[in-house]
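Colleague: Sharing data38.txt (compact mmCIF, C-alpha atoms) below.
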# COMPACT_ATOMS: atom_id res chain seq x y z
CA MET U 1 3.24 23.76 -32.86
CA ALA U 2 4.98 20.87 -31.07
CA PRO U 3 8.62 20.66 -30.02
CA VAL U 4 10.94 19.09 -32.63
CA ILE U 5 13.84 16.72 -31.97
CA ARG U 6 16.42 17.81 -34.54
CA GLY U 7 18.77 14.96 -33.82
CA THR U 8 20.35 12.71 -31.22
CA ARG U 9 23.81 11.48 -30.46
CA ILE U 10 24.58 8.29 -28.56
CA LEU U 11 26.83 8.66 -25.52
CA HIS U 12 26.71 4.99 -24.46
CA ASP U 13 25.10 1.86 -25.87
CA GLY U 14 25.07 -1.09 -23.45
CA TRP U 15 22.45 -2.51 -21.08
CA SER U 16 20.89 0.93 -21.39
CA ARG U 17 21.45 3.50 -24.09
CA PHE U 18 22.23 7.11 -23.22
CA LEU U 19 21.52 9.86 -25.72
CA VAL U 20 21.62 13.61 -25.99
CA ALA U 21 18.65 14.98 -27.93
CA GLU U 22 18.81 18.37 -29.63
CA VAL U 23 15.33 19.87 -29.20
CA THR U 24 13.73 22.98 -30.68
CA MET U 25 10.86 24.25 -28.55
CA PRO U 26 7.74 25.88 -30.05
CA ASP U 27 9.12 29.36 -29.30
CA GLY U 28 12.35 28.55 -31.20
CA THR U 29 14.50 27.93 -28.11
CA ARG U 30 17.09 25.21 -28.69
CA LEU U 31 17.87 22.78 -25.88
CA ALA U 32 20.04 19.71 -25.31
CA ARG U 33 18.41 17.03 -23.14
CA GLU U 34 19.84 13.72 -21.90
CA ILE U 35 17.75 10.57 -22.39
CA GLU U 36 18.24 7.16 -20.85
CA ASP U 37 16.68 4.89 -23.50
CA HIS U 38 15.61 1.87 -21.47
CA GLY U 39 12.48 0.52 -23.12
CA ARG U 40 9.61 -1.40 -21.54
CA ALA U 41 9.68 -3.14 -18.17
CA VAL U 42 7.32 -5.07 -15.93
CA GLY U 43 6.71 -5.36 -12.20
CA VAL U 44 4.40 -7.65 -10.23
CA LEU U 45 3.34 -8.05 -6.61
CA PRO U 46 2.80 -11.77 -5.97
CA TYR U 47 0.45 -12.23 -3.01
CA ASP U 48 -1.25 -15.22 -1.38
CA PRO U 49 -4.80 -14.19 -0.39
CA GLU U 50 -5.32 -17.30 1.77
CA ARG U 51 -2.21 -16.92 3.92
CA ARG U 52 -2.19 -13.09 3.55
CA VAL U 53 1.47 -12.86 2.56
CA ALA U 54 3.40 -11.42 -0.38
CA LEU U 55 6.70 -12.22 -2.06
CA LEU U 56 9.30 -9.46 -2.28
CA VAL U 57 12.91 -9.62 -3.34
CA GLU U 58 16.00 -7.98 -1.93
CA GLN U 59 19.19 -7.28 -3.85
CA PHE U 60 22.10 -4.89 -4.19
CA ARG U 61 21.36 -1.95 -6.50
CA PRO U 62 24.48 0.01 -7.55
CA PRO U 63 22.59 3.30 -8.24
CA THR U 64 21.03 3.43 -4.76
CA PHE U 65 24.36 2.48 -3.19
CA PHE U 66 26.08 5.25 -5.18
CA ALA U 67 23.43 7.85 -4.31
CA ALA U 68 22.73 7.01 -0.67
CA GLY U 69 24.90 4.11 0.50
CA THR U 70 21.86 1.81 0.48
CA LEU U 71 23.11 -1.78 0.45
CA SER U 72 19.87 -3.39 -0.71
CA LEU U 73 16.23 -2.66 -1.49
CA LEU U 74 13.09 -4.62 -0.72
CA GLU U 75 11.03 -4.58 -3.91
CA VAL U 76 8.59 -6.46 -6.12
CA PRO U 77 9.92 -8.76 -8.85
CA ALA U 78 10.58 -6.65 -11.93
CA GLY U 79 12.67 -6.49 -15.06
CA LEU U 80 12.98 -5.57 -18.68
CA LEU U 81 10.26 -6.81 -21.00
CA ASP U 82 11.65 -9.37 -23.44
CA GLU U 83 8.29 -10.89 -24.43
CA ALA U 84 5.58 -9.57 -26.71
CA GLU U 85 3.02 -9.53 -23.89
CA PRO U 86 3.70 -7.75 -20.59
CA GLU U 87 1.78 -10.43 -18.65
CA ASP U 88 4.25 -13.07 -19.89
CA GLY U 89 7.17 -10.89 -18.81
CA ALA U 90 5.68 -10.39 -15.34
CA ARG U 91 5.18 -14.15 -14.97
CA ARG U 92 8.79 -14.79 -16.11
CA GLU U 93 10.22 -12.26 -13.64
CA ALA U 94 8.12 -13.65 -10.77
CA PHE U 95 9.36 -17.18 -11.46
CA GLU U 96 13.02 -16.23 -11.99
CA GLU U 97 13.18 -14.02 -8.93
CA THR U 98 10.83 -15.74 -6.43
CA GLY U 99 10.21 -19.25 -7.79
CA VAL U 100 6.44 -18.74 -7.94
CA ARG U 101 4.31 -19.60 -10.98
CA LEU U 102 1.61 -16.97 -11.45
CA GLY U 103 -1.57 -17.54 -13.40
CA THR U 104 -4.08 -14.76 -13.92
CA LEU U 105 -2.69 -11.27 -13.38
CA GLU U 106 -4.59 -8.12 -12.49
CA ARG U 107 -3.26 -5.17 -14.47
CA LEU U 108 -2.79 -1.99 -12.50
CA THR U 109 -1.34 0.40 -15.07
CA THR U 110 1.33 1.13 -17.63
CA GLY U 111 3.27 4.14 -16.50
CA TRP U 112 6.39 6.19 -17.05
CA THR U 113 8.92 5.47 -14.30
CA MET U 114 11.11 8.59 -14.66
CA PRO U 115 9.69 10.79 -17.47
CA GLY U 116 12.23 13.55 -16.96
CA ILE U 117 15.15 11.33 -17.99
CA SER U 118 14.06 7.84 -19.13
CA THR U 119 12.01 6.24 -21.91
CA GLU U 120 11.09 3.36 -19.57
CA GLN U 121 7.40 2.46 -19.36
CA MET U 122 6.52 -0.17 -16.77
CA ASP U 123 3.51 -2.48 -16.83
CA LEU U 124 2.44 -3.19 -13.23
CA PHE U 125 0.42 -6.17 -12.06
CA LEU U 126 -0.98 -7.88 -8.98
CA GLY U 127 -0.69 -11.66 -9.06
CA ALA U 128 -2.40 -14.04 -6.65
CA TYR U 129 -0.66 -17.33 -5.86
CA SER U 130 -0.94 -20.19 -3.39
CA ALA U 131 1.74 -22.10 -1.49
CA ALA U 132 1.53 -24.86 -4.13
CA ASP U 133 2.56 -22.37 -6.85
CA ARG U 134 6.05 -21.97 -5.36
CA SER U 135 7.88 -24.51 -7.48
CA GLY U 136 11.26 -22.97 -8.28
CA PRO U 137 14.24 -21.78 -6.25
CA GLY U 138 13.96 -18.09 -7.16
CA GLY U 139 16.97 -15.90 -6.55
CA GLY U 140 17.33 -14.60 -10.10
CA LEU U 141 19.50 -15.81 -12.93
CA ALA U 142 23.09 -16.77 -12.11
CA GLU U 143 24.36 -15.33 -15.41
CA GLU U 144 22.87 -11.94 -14.47
CA HIS U 145 24.60 -11.97 -11.03
CA GLU U 146 21.40 -10.78 -9.34
CA ASN U 147 22.01 -12.55 -6.00
CA ILE U 148 18.37 -12.09 -4.99
CA THR U 149 17.05 -12.97 -1.55
CA VAL U 150 13.35 -13.87 -1.50
CA HIS U 151 11.15 -12.73 1.39
CA GLU U 152 7.62 -14.02 1.98
CA MET U 153 6.14 -11.46 4.34
CA PRO U 154 2.75 -10.87 5.98
CA LEU U 155 0.74 -8.20 4.17
CA ALA U 156 -0.01 -6.52 7.52
CA THR U 157 3.75 -6.19 8.12
CA LEU U 158 4.26 -4.68 4.67
CA ALA U 159 1.44 -2.21 5.27
CA ALA U 160 3.01 -1.15 8.57
CA MET U 161 6.42 -0.81 6.91
CA SER U 162 4.94 1.39 4.18
CA ASP U 163 3.14 3.53 6.77
CA ARG U 164 6.46 4.05 8.59
CA GLY U 165 8.26 4.99 5.35
CA GLU U 166 10.46 1.88 5.42
CA LEU U 167 9.59 0.75 1.89
CA THR U 168 11.38 3.10 -0.48
CA ASP U 169 10.91 1.50 -3.90
CA ILE U 170 8.13 3.41 -5.70
CA LYS U 171 6.82 0.53 -7.84
CA THR U 172 6.55 -1.62 -4.72
CA LEU U 173 4.68 1.08 -2.83
CA LEU U 174 2.30 1.69 -5.73
CA LEU U 175 1.44 -2.00 -6.05
CA LEU U 176 1.08 -2.42 -2.29
CA PHE U 177 -1.19 0.64 -2.06
CA ALA U 178 -3.30 -0.69 -4.94
CA LEU U 179 -3.72 -4.05 -3.22
CA ARG U 180 -4.61 -2.29 0.05
CA LEU U 181 -7.33 -0.30 -1.74
CA ARG U 182 -8.70 -3.25 -3.69
CA ARG U 183 -8.45 -5.93 -0.98
CA PRO U 184 -8.28 -4.21 2.44
CA GLU U 185 -9.41 -7.37 4.24
CA LEU U 186 -6.07 -9.01 3.38
CA PHE U 187 -4.20 -6.52 5.57
CA ALA U 188 -6.03 -7.13 8.86
CA GLU U 189 -3.96 -8.76 11.59
CA PRO U 190 -4.84 -12.48 11.78
Any chance you could put this one into C-alpha cells?
Modeller:
Amino acid sequence: MAPVIRGTRILHDGWSRFLVAEVTMPDGTRLAREIEDHGRAVGVLPYDPERRVALLVEQFRPPTFFAAGTLSLLEVPAGLLDEAEPEDGARREAFEETGVRLGTLERLTTGWTMPGISTEQMDLFLGAYSAADRSGPGGGLAEEHENITVHEMPLATLAAMSDRGELTDIKTLLLLFALRLRRPELFAEP
C-alpha cells in the first residue's frame, strides 16, 4: 500500500507556490508536510573546449544571504523552464544570462534538486561554445532585476576552486565534475 495525499492547502501562491499536504502513511499514521511547488528548471555549463574556459554567472541570492550572509554565488546559468523542451530552456537561459548562443547540448541528467521540500526537477546540460558564439550582452533580464555579472574563467581555475571547496552551488559542482570526468584534458594547465 502506498502513502495517500488526502488533501492540500495553499499557503502562498506567487513566483513559487507553498502548500501543506495532509498525508496518510501505509501504517495509518497521518502527517502534515510542507511542499514548495516550483516545477521544472534547467541549468547549463557553457564551456569553450578550444580556449578551455567556462561561463559562470554571479548574482545576489536572497535565500543564501538570509541563511549565511552570502552576498553572491558563482553558478551556472539556470532558470525555470518555460519552453516545452528543456534544451530550448537551457539555450534561452545561457543567452539571457551570459550572452552566448549554444547549439548542441549534452544532457547530463534530470534530477530532483531538494526532494525533501520541493517539486523542482532540473534538467542539466553541458554546452560547448566558441568565442564567436558570444553575441549578446548577458546579465539577465532587466525586468527580472537579476543584475548578473558574467565570468569567463579557465577550467583549470574552476577545478582548483572546486577542490578547495570554494564553489558552493550544487548544480554548478555537478556539471563541473561531469565535464572533468568526460573531458579531463580540458582541465590541464596550458
Colleague: May I have the residues within 10 Å of stretch 160-167 of chain U as a VMD selection string, using only C-alpha atoms and disregarding those fewer than 3 positions away in the same chain?
Modeller: chain U and resid 73 to 75 155 to 157 170 172 to 173 176 to 177 187
Colleague: Could you list, as a VMD selection string, every residue within 8 Å of U:Phe60, counting only C-alpha atoms and ignoring same-chain residues fewer than 2 positions away?
Modeller: chain U and resid 58 62 65 71 to 73 146 to 147
Colleague: May I ask for the distance between atom CA of U:Ala94 and atom CA of U:Gly116, given in Å to one decimal place?
Modeller: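 About the pair atom CA of U:Ala94 and atom CA of U:Gly116: they are 28.2 Å apart.
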Colleague: Report as JSON, numbers by chain all protein, DNA and RNA residues lying within 8 Å of U:Gly139, evaluated on all atoms listed in the file, omitting residues in the same chain fewer than 3 positions from it.
Modeller: {"U": [96, 97, 98, 99, 146, 147, 148, 149, 150]}
Colleague: Got a sec: who's within 10 Å of U:Tyr129, counting all atoms listed in the file, leaving out chain neighbours fewer than 5 positions off, as a PDB file with C-alpha atoms, in the frame of the given file?
Modeller:
ATOM      1  CA  PRO U  46       2.800 -11.770  -5.970  1.00  0.00           C
ATOM      2  CA  TYR U  47       0.450 -12.230  -3.010  1.00  0.00           C
ATOM      3  CA  ASP U  48      -1.250 -15.220  -1.380  1.00  0.00           C
ATOM      4  CA  PRO U  49      -4.800 -14.190  -0.390  1.00  0.00           C
ATOM      5  CA  GLU U  50      -5.320 -17.300   1.770  1.00  0.00           C
ATOM      6  CA  ARG U  51      -2.210 -16.920   3.920  1.00  0.00           C
ATOM      7  CA  VAL U  53       1.470 -12.860   2.560  1.00  0.00           C
ATOM      8  CA  ALA U  54       3.400 -11.420  -0.380  1.00  0.00           C
ATOM      9  CA  LEU U  55       6.700 -12.220  -2.060  1.00  0.00           C
ATOM     10  CA  VAL U 100       6.440 -18.740  -7.940  1.00  0.00           C
ATOM     11  CA  ARG U 101       4.310 -19.600 -10.980  1.00  0.00           C
ATOM     12  CA  LEU U 102       1.610 -16.970 -11.450  1.00  0.00           C
ATOM     13  CA  GLY U 103      -1.570 -17.540 -13.400  1.00  0.00           C
ATOM     14  CA  THR U 104      -4.080 -14.760 -13.920  1.00  0.00           C
ATOM     15  CA  LEU U 105      -2.690 -11.270 -13.380  1.00  0.00           C
ATOM     16  CA  ARG U 134       6.050 -21.970  -5.360  1.00  0.00           C
TER      17      ARG U 134
END
Colleague: Which residue, U:Leu56, U:Ala128, U:Leu175, U:Ala84, has the smallest gap to U:Thr109 when you use all atoms listed in the file?
Modeller: U:Leu175
Colleague: Between U:Arg182, U:Arg30, U:Lys171, U:Arg52, which one has atoms that come closest to U:Glu106, using all atoms listed in the file?
Modeller: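 Using all atoms listed in the file, U:Glu106 sits closest to U:Arg182.
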Colleague: At what distance in Å, to one decimal, does atom CA of U:Ile5 lie from atom CA of U:Thr24?
Modeller: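 Separating atom CA of U:Thr24 from atom CA of U:Ile5 is a distance of 6.4 Å.
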Colleague: Restricting the calculation to all atoms listed in the file, which member of U:Glu152, U:Glu144, U:Thr113, U:Glu83 is positioned closest to U:Ser130?
Modeller: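 That would be U:Glu152, the residue with the smallest distance to U:Ser130.
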Colleague: Would you compute the distance between atom CA of U:Gly111 and atom CA of U:Val44? Give it in Å to one decimal.
Modeller: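 Pair atom CA of U:Gly111 / atom CA of U:Val44 returns 13.4 Å.
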Colleague: Given only C-alpha atoms as the basis, pick out the residue of U:Glu120, U:Asp37, U:Leu45, U:Gln59 nearest to U:His145.
Modeller: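 Between U:Glu120, U:Asp37, U:Leu45, U:Gln59, the residue approaching U:His145 most closely is U:Gln59.
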Colleague: Applying 10 Å and all atoms listed in the file, which residues near U:Asp82 remain after dropping the ones on its own chain fewer than 4 positions away? List them as a PDB file with C-alpha atoms, in the coordinates of the input.
Modeller:
ATOM      1  CA  GLY U  39      12.480   0.520 -23.120  1.00  0.00           C
ATOM      2  CA  ARG U  40       9.610  -1.400 -21.540  1.00  0.00           C
ATOM      3  CA  ALA U  41       9.680  -3.140 -18.170  1.00  0.00           C
ATOM      4  CA  VAL U  42       7.320  -5.070 -15.930  1.00  0.00           C
ATOM      5  CA  PRO U  86       3.700  -7.750 -20.590  1.00  0.00           C
ATOM      6  CA  ASP U  88       4.250 -13.070 -19.890  1.00  0.00           C
ATOM      7  CA  GLY U  89       7.170 -10.890 -18.810  1.00  0.00           C
ATOM      8  CA  ARG U  92       8.790 -14.790 -16.110  1.00  0.00           C
TER       9      ARG U  92
END
Colleague: Can you sort out the box for stretch 83-90 of chain U, edges along x, y and z, all listed atoms in, 6 Å on every side, with centre and edge lengths in Å to one decimal, as AutoDock Vina command-line options?
Modeller:
--center_x 5.0 --center_y -10.4 --center_z -21.0 --size_x 18.5 --size_y 17.3 --size_z 23.4
Colleague: Using only C-alpha atoms, can you tell me which of U:Val57, U:Ile35, U:Met114, U:Ala178 comes closest to U:His151?
Modeller: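 Of the candidates, the smallest distance to U:His151 is held by U:Val57.
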Colleague: Could you pull out every residue with an atom within 6 Å of (21.3, 13.0, -27.9), file coordinates, counting all atoms listed in the file, and send them as a count of residues only?
Modeller: 6
Colleague: Counting all atoms listed in the file, which of U:Arg17, U:Val23, U:Thr64, U:Thr29 gets nearest to U:Thr168?
Modeller: U:Thr64
